[in-house]
Amino acid sequence: MARWCRKIELNAAVRERAESEHKGLILAFWHGRGVLASPFYRPGNTTALVSASEDGSMATTILKRLGYEIIRGSSSRGGVRALRDMLSCLERGKHVALTPDGPRGPMHSMSPGAAFMSRATGVPVLPIGFGIDRARRLDTWDRYTLPRLGSRLVTSCEEPIQVPREASGDALAEYSSRIRAAIRKAEREAFAHLDLEPDWGDWVPEQEIEHSAEFEG
């Protein structure tokens with residue numbers, strides 16, 4: 001996939017510092033950007049959480065072909081087992097990539113999964129955004145994004161967000177909102193580097209969107 005597009009990374013120092021301070025990180029980006037993440041986060045040290053439902057079948061097929069280890073799980077099927085597998089990966093120093101608005105949206109909604117994982121493991125969430133100038137966007141709820149040949153692909157990240165172990169209820173929801181805002185900020189920065197507005201401007205409201213829980217706890 002890296003041969004299809006020109007890669008540009010913003011805020012690399014933020015990512016490098018986070019990686020030097022922690023064995024593994026929880027990588028959080030939107031469901032529709034799964035393929036765009038692959039040139040930047042390699043299979044050797046990154047495991048992807050993908051929905052156990054039929055919605056995750058396409059992403060699983062693509063990511064397995066790219067060489068990624070996959071954990072299947074969602075709020076409705078395999079959630080507890082997926083959590084256990086994710087904890088194991090983080091303990092082995094691997095990054096775990098998850099999509100807070102998956103598996104069924106709405107687009108850019110926020111489940112508590114990322115915040116809960118950070119609280120449970122003591123590992124921070126790295127909010128990541130992507131921008132691209134030439135892409136095919138599928139007619140799916142997440143407008144799944146596939147790069148076109150010769151496109152410019154930009155990634156940006158914000159400062160890691162660590163959720164304390166005592167966070168619960170409203171505090172956990174507040175951390176989830178902070179993660180959502182940080183991902184959206186990173187995407188704005190990535191698109192701004194291309195002199196473009198974010199491609200989700202007409203589809204996603206600024207305010208928080210209700211979303212069913214990915215993990216409870």
# chains A, B, ... in the order shown; residues from 1 in each chain; ligands from 1
call {"tool": "select_by_dssp", "arguments": {"residues": "stretch 60-107 of chain A", "states": "alpha helix (DSSP H)", "output": "list in words"}}
result
Thr60, Thr61, Ile62, Leu63, Lys64, Arg65, Gly79, Val80, Arg81, Ala82, Leu83, Arg84, Asp85, Met86, Leu87, Ser88, Cys89, Leu90 and Glu91 of chain A
call {"tool": "closest_residue", "arguments": {"among": "A:Thr60, A:Ser38, A:Ser109, A:Asn45", "to": "A:Glu19", "atoms": "only C-alpha atoms"}}
result
A:Asn45
call {"tool": "residues_around", "arguments": {"residues": "A:Asn11", "least_positions_apart": "4", "cutoff": "8 Å", "atoms": "only C-alpha atoms", "output": "PyMOL selection string"}}
result
chain A and resi 15+156-158
call {"tool": "closest_residue", "arguments": {"among": "A:Leu49, A:Met107, A:Leu36, A:Val123", "to": "A:Asp142", "atoms": "only C-alpha atoms"}}
result
A:Met107
call {"tool": "atom_distance", "arguments": {"atom1": "atom CA of A:His31", "atom2": "atom CA of A:Gly113"}}
result
13.2 Å
call {"tool": "closest_residue", "arguments": {"among": "A:Leu10, A:Glu187, A:Tyr68, A:Met58", "to": "A:Gly201", "atoms": "only C-alpha atoms"}}
result
A:Glu187
call {"tool": "select_by_dssp", "arguments": {"residues": "stretch 47-195 of chain A", "states": "strand (DSSP E)", "output": "VMD selection string"}}
result
chain A and resid 47 to 50 69 to 72 95 to 98 125 to 132 135 to 137 145 to 147 151 to 157
call {"tool": "closest_residue", "arguments": {"among": "A:Leu196, A:Ala28, A:Ile161, A:Leu153", "to": "A:Ala97", "atoms": "only C-alpha atoms"}}
result
A:Ala28
call {"tool": "atom_distance", "arguments": {"atom1": "atom CA of A:Phe40", "atom2": "atom CA of A:Lys7"}}
result
8.2 Å
